[in-house]
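Here is the structure we will look at, set down as structure tokens.
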Amino acid sequence: MIMSTMLHRATAFAALLLSAFYLALPATAADLSPEKIEKVLAEAHKAFKGVKDGANADYIPALDEVDPELFGISLVTPDGRVYNVGDSKYTFSIQSISKAFIAARVIQDQGTEAMLEQIGVDATGQPFNSIEAIESIEERSVNPLVNAGAMAAVSMIKADSPEEKWAQIQGTLESFAGRELTVMDDIYASEAATNDRNQAIAKLLDAYGRLYDDVPVTVDLYTRQCSVGVTSHDLAVMAGTLAAGGRNPVTGDQVIDEDKVPEVLAVMATAGLYDDSGIWLYNVGLPAKSGVGGGIVAVAPGEYGIAAFSPRLDAAGNSVRAQLAIEYVVENLGGNVFE
Ligand code: GLU
């Protein structure tokens with residue numbers, strides 16, 4: 001009798017300790033059981049696949065031809081589990097999402113100071129292809145996630161020839177994605193034929209001494225970089241690599257040093273969603289990067305990388321459905337870095 005009372009008390013005490021332990025867990029700890037992830041991704045896809053707001057980007061003509069109904073969501077955990085729903089195998093152009101990973105390459109190879117001094121890490125408060133930002137901000141390029149800073153980043157990659165530099169750009173994107181990636185020729189041709197504004201930006205930066213390689217070579221490599229084809233699955237692995245401290249969760253390769261990852265995420269948090277980066281961070285609480293091809297990646301550090309793709313964009317240039325889907329997943333799985 002006494003024994004059983006003692007046992008009972010011990011069990012109650014253990015239960016108390018256990019519940020105190022769980023209560024002490026950070027509120028952000030996401031529930032990442034396979035069932036929960038599958039359920040939440042399916043719900044997000046179902047909830048937003050009927051949303052028709054926004055429009056494909058049309059300033060690059062080939063982007064306007066992509067089926068606007070496509071919609072895929074993918075999530076990757078640091079232990080290498082991959083979850084997909086919808087059109088997660090459809091290949092679209094990475095566009096500006098590539099900028100985050102090339103910024104990572106520059107930070108990794110040339111260091112924090114080089115990024116700060118030769119490009120910068122502040123928001124411009126201007127559209128991604130702003131010429132006014134170059135004219136009005138004394139440092140000229142201030143962020144590797146807008147076109148000016150992204151072309152400066154391309155120009156900083158050290159190589160002996162354009163081919164060698166391209167190999168580094170492609171190789172970087174591939175190591176984050178964990179597979180071979182190729183340029184989508186139709187997108188590349190379409191953008192190369194219409195990228196006068198980016199040529200002007202590069203020329204202007206060069207005039208201010210803030211472009212570090214030949215202008216036409218840099219614009220061409222940047223245009224090719226934006227035309228690399230990816231799926232939402234690929235992008236989730238890329239985001240998952242950042243979520244896992246720079247180690248690709250599928251291949252196991254350490255792509256960038258763990259101590260460089262917070263710098264990449266900080267730039268994404270500052271400027272990842274164009275002019276709506278602030279409202280995105282306020283609402284969702286994850287560093288992210290979007291592209292005019294309709295993709296968005298977001299990183300819940302230590303928890304998961306997520307990507308969504310759907311071509312219709314809002315006025316700021318961010319995919320409407322991809323934003324809704326990622327916000328829904330974060331609300332339902334957890335992961336907001338500020339909670
Ligand atoms: N290649 C596009 C451009 O330079 C990228 C824009 C984007 O995705 O934000 O205009």
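Labels for the structure tokens follow display order: chains A, B, ..., residues from 1 in each chain, ligands from 1.
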
With only C-alpha atoms as the counted atoms, please give the residues lying no more than 10 Å from stretch 172-178 of chain A, apart from itself and same-chain residues fewer than 2 positions off, as a ChimeraX atom specification.
/A:94,98-102,104-105,166-170,180-182,225,228,230-231,233-242,246-256

Compute the set of protein, DNA and RNA residues whose minimum atom distance to ligand 1 is at most 10 Å, using only C-alpha atoms and all ligand atoms, and state it as a short mmCIF file (atom, residue, chain, number, x, y, z; two decimals) with C-alpha atoms, in the first residue's frame.
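Contents of selection_39.cif, as written:
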```
data_model
loop_
_atom_site.label_atom_id
_atom_site.label_comp_id
_atom_site.auth_asym_id
_atom_site.auth_seq_id
_atom_site.Cartn_x
_atom_site.Cartn_y
_atom_site.Cartn_z
CA ALA A 57 5.35 38.73 -64.62
CA TYR A 59 8.31 42.25 -68.44
CA ILE A 60 10.20 39.04 -69.29
CA SER A 93 13.06 29.75 -63.52
CA ILE A 94 14.68 30.48 -60.18
CA GLN A 95 15.00 34.23 -60.91
CA SER A 96 15.84 36.34 -57.86
CA ILE A 97 15.79 33.42 -55.45
CA SER A 98 19.24 32.63 -56.84
CA LYS A 99 20.49 35.91 -55.36
CA PRO A 127 11.87 48.26 -56.19
CA PHE A 128 14.32 45.45 -56.99
CA ASN A 129 15.43 47.04 -60.27
CA LEU A 145 19.19 40.70 -53.11
CA VAL A 146 18.26 43.58 -55.42
CA ASN A 147 19.47 43.65 -59.01
CA ALA A 148 22.31 46.15 -58.49
CA ALA A 150 23.13 40.90 -57.13
CA MET A 151 25.09 41.86 -60.24
CA ILE A 187 13.69 32.09 -70.39
CA TYR A 188 17.34 33.03 -70.89
CA GLU A 191 15.34 37.92 -70.68
CA ALA A 192 18.59 38.50 -72.60
CA THR A 194 14.76 42.50 -72.92
CA ASN A 195 17.20 43.24 -70.09
CA ASP A 196 18.14 46.79 -71.09
CA ARG A 197 17.33 48.04 -67.61
CA ASN A 198 19.73 45.59 -65.98
CA GLN A 199 22.40 46.62 -68.50
CA VAL A 219 24.93 41.08 -66.99
CA TYR A 222 23.41 37.27 -63.96
CA THR A 223 20.75 36.70 -66.63
CA ARG A 224 21.80 33.07 -67.01
CA GLN A 225 21.77 32.65 -63.23
CA CYS A 226 18.17 33.90 -63.08
CA SER A 227 17.18 31.47 -65.87
CA GLY A 272 13.91 38.98 -49.40
CA LEU A 273 10.43 39.98 -50.52
CA TYR A 274 11.10 43.21 -52.38
CA LYS A 289 13.44 35.13 -50.83
CA SER A 290 11.08 35.38 -53.76
CA GLY A 291 11.54 35.48 -57.52
CA VAL A 292 9.43 36.84 -60.37
CA GLY A 293 9.15 33.29 -61.73
CA GLY A 294 6.63 32.68 -58.92
CA GLY A 295 8.79 30.87 -56.39
CA ILE A 296 9.41 31.73 -52.75
CA ALA A 316 5.36 43.97 -55.15
CA GLY A 317 6.39 41.01 -57.36
CA ASN A 318 5.74 38.19 -54.88
#
```

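Between A:Glu139 and the residues A:Phe71, A:Tyr83, A:Tyr208, A:Phe309, the shortest atom-to-atom distance, using only C-alpha atoms, involves A:Tyr208.
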
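Distances here use only C-alpha atoms; by that measure, the residue among A:Ala62, A:Ala308, A:Val297, A:Ala152 closest to A:Ser190 is A:Ala62.
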
Nearest to A:Thr91 by atom-to-atom distance, counting only C-alpha atoms, from A:Glu327, A:Asp109, A:Asp79, A:Asp67
A:Asp67

Between atom CA of A:Gly72 and atom CA of A:Ile326, distance in Å (one decimal):
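Atom CA of A:Gly72 sits 11.0 Å away from atom CA of A:Ile326.
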
How far is it from atom CA of A:Lys46 to atom CA of A:Ala244, in Å with one decimal?
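Separating atom CA of A:Lys46 from atom CA of A:Ala244 is a distance of 28.4 Å.
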
Do you have the atom CA of A:Tyr282-atom CA of A:Asn336 distance handy?
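Result for atom CA of A:Tyr282 versus atom CA of A:Asn336: 9.9 Å, one decimal.
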
Could you pull out the strand (DSSP E or B) residues of stretch 67-313 of chain A from DSSP and send them as a PyMOL selection string?
chain A and resi 72-76+82-86+92-93+183+228-230+247+254+288-290+295-300+304-309+313

Restricting the calculation to only C-alpha atoms: of A:Leu281, A:Val85, A:Leu221, A:Val183, which residue gets closest to A:Ile157?
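Selected residue with least distance to A:Ile157: A:Leu221.
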
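For the set A:Pro144, A:Lys39, A:Ala322, A:Asp58, the residue with the smallest atom-to-atom gap to A:Ser310 is A:Ala322, counting only C-alpha atoms.
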
So which residues touch A:Glu135 within 12 Å, counting only C-alpha atoms, skipping near sequence neighbours fewer than 3 positions away, as a list of chain:residue names?
A:Thr124, A:Gln126, A:Ser130, A:Ile131, A:Glu132, A:Glu138, A:Glu139, A:Arg140, A:Ser141, A:Val142, A:Ala148, A:Ile201, A:Leu204, A:Leu205, A:Ala207, A:Tyr208

Given only C-alpha atoms as the counted atoms, nearest of A:Ile137, A:Leu211, A:Val154, A:Ala103 to A:Ala266:
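Under the stated criterion, the closest residue is A:Ala103.
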
Can you list, as a list in words, every protein, DNA or RNA residue that comes within 8 Å of A:Asn56 when you count only C-alpha atoms, leaving out same-chain residues fewer than 4 positions away?
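The contact residues come out as Leu63, Asp64, Val66, Pro68, Gly293, Gly294, Pro311, Arg312 and Leu313 of chain A.
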
Residues just named, written with N, CA and C atoms as a short mmCIF file (atom, residue, chain, number, x, y, z; two decimals), in the first residue's frame:
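Written out: selection_26.cif:
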```cif
data_model
loop_
_atom_site.label_atom_id
_atom_site.label_comp_id
_atom_site.auth_asym_id
_atom_site.auth_seq_id
_atom_site.Cartn_x
_atom_site.Cartn_y
_atom_site.Cartn_z
N LEU A 63 7.97 34.58 -69.21
CA LEU A 63 7.34 34.29 -67.91
C LEU A 63 5.82 34.41 -68.01
N ASP A 64 5.37 35.25 -68.93
CA ASP A 64 3.93 35.46 -69.12
C ASP A 64 3.28 34.24 -69.74
N VAL A 66 3.89 31.09 -68.86
CA VAL A 66 3.80 29.96 -67.92
C VAL A 66 2.35 29.83 -67.43
N PRO A 68 -0.59 29.90 -65.34
CA PRO A 68 -0.75 30.57 -64.03
C PRO A 68 -1.38 29.69 -62.96
N GLY A 293 9.64 34.52 -61.11
CA GLY A 293 9.15 33.29 -61.73
C GLY A 293 7.99 32.68 -60.95
N GLY A 294 7.75 33.17 -59.73
CA GLY A 294 6.63 32.68 -58.92
C GLY A 294 7.03 31.83 -57.73
N PRO A 311 2.68 31.08 -60.37
CA PRO A 311 3.20 32.22 -61.13
C PRO A 311 2.56 33.59 -60.90
N ARG A 312 1.30 33.62 -60.41
CA ARG A 312 0.68 34.96 -60.32
C ARG A 312 1.29 35.76 -59.16
N LEU A 313 1.74 37.00 -59.51
CA LEU A 313 2.44 37.85 -58.55
C LEU A 313 1.55 39.02 -58.11
#
```

When DSSP works through the backbone of this structure, what residues of stretch 81-295 of chain A end up as alpha helix (DSSP H), shown as a PyMOL selection string?
chain A and resi 97-118+132-136+147-156+162-177+185-192+196-207+215-226+232-243+261-271+277-283

Which residues come within 6 Å of stretch 117-123 of chain A, counting only C-alpha atoms, excluding same-chain residues fewer than 2 positions away, as a PDB file with C-alpha atoms, in the first residue's frame?
```pdb
ATOM      1  CA  GLU A 113      33.724  42.380 -44.528  1.00  0.00           C
ATOM      2  CA  ALA A 114      33.852  42.018 -48.300  1.00  0.00           C
ATOM      3  CA  MET A 115      30.059  41.714 -48.400  1.00  0.00           C
ATOM      4  CA  GLY A 125      13.224  50.814 -49.788  1.00  0.00           C
ATOM      5  CA  SER A 141      24.770  49.134 -54.161  1.00  0.00           C
ATOM      6  CA  VAL A 142      23.488  48.303 -50.713  1.00  0.00           C
ATOM      7  CA  ASN A 143      22.099  44.789 -50.843  1.00  0.00           C
ATOM      8  CA  GLY A 149      23.800  44.283 -55.522  1.00  0.00           C
ATOM      9  CA  ALA A 271      15.226  42.367 -48.289  1.00  0.00           C
TER      10      ALA A 271
END
```
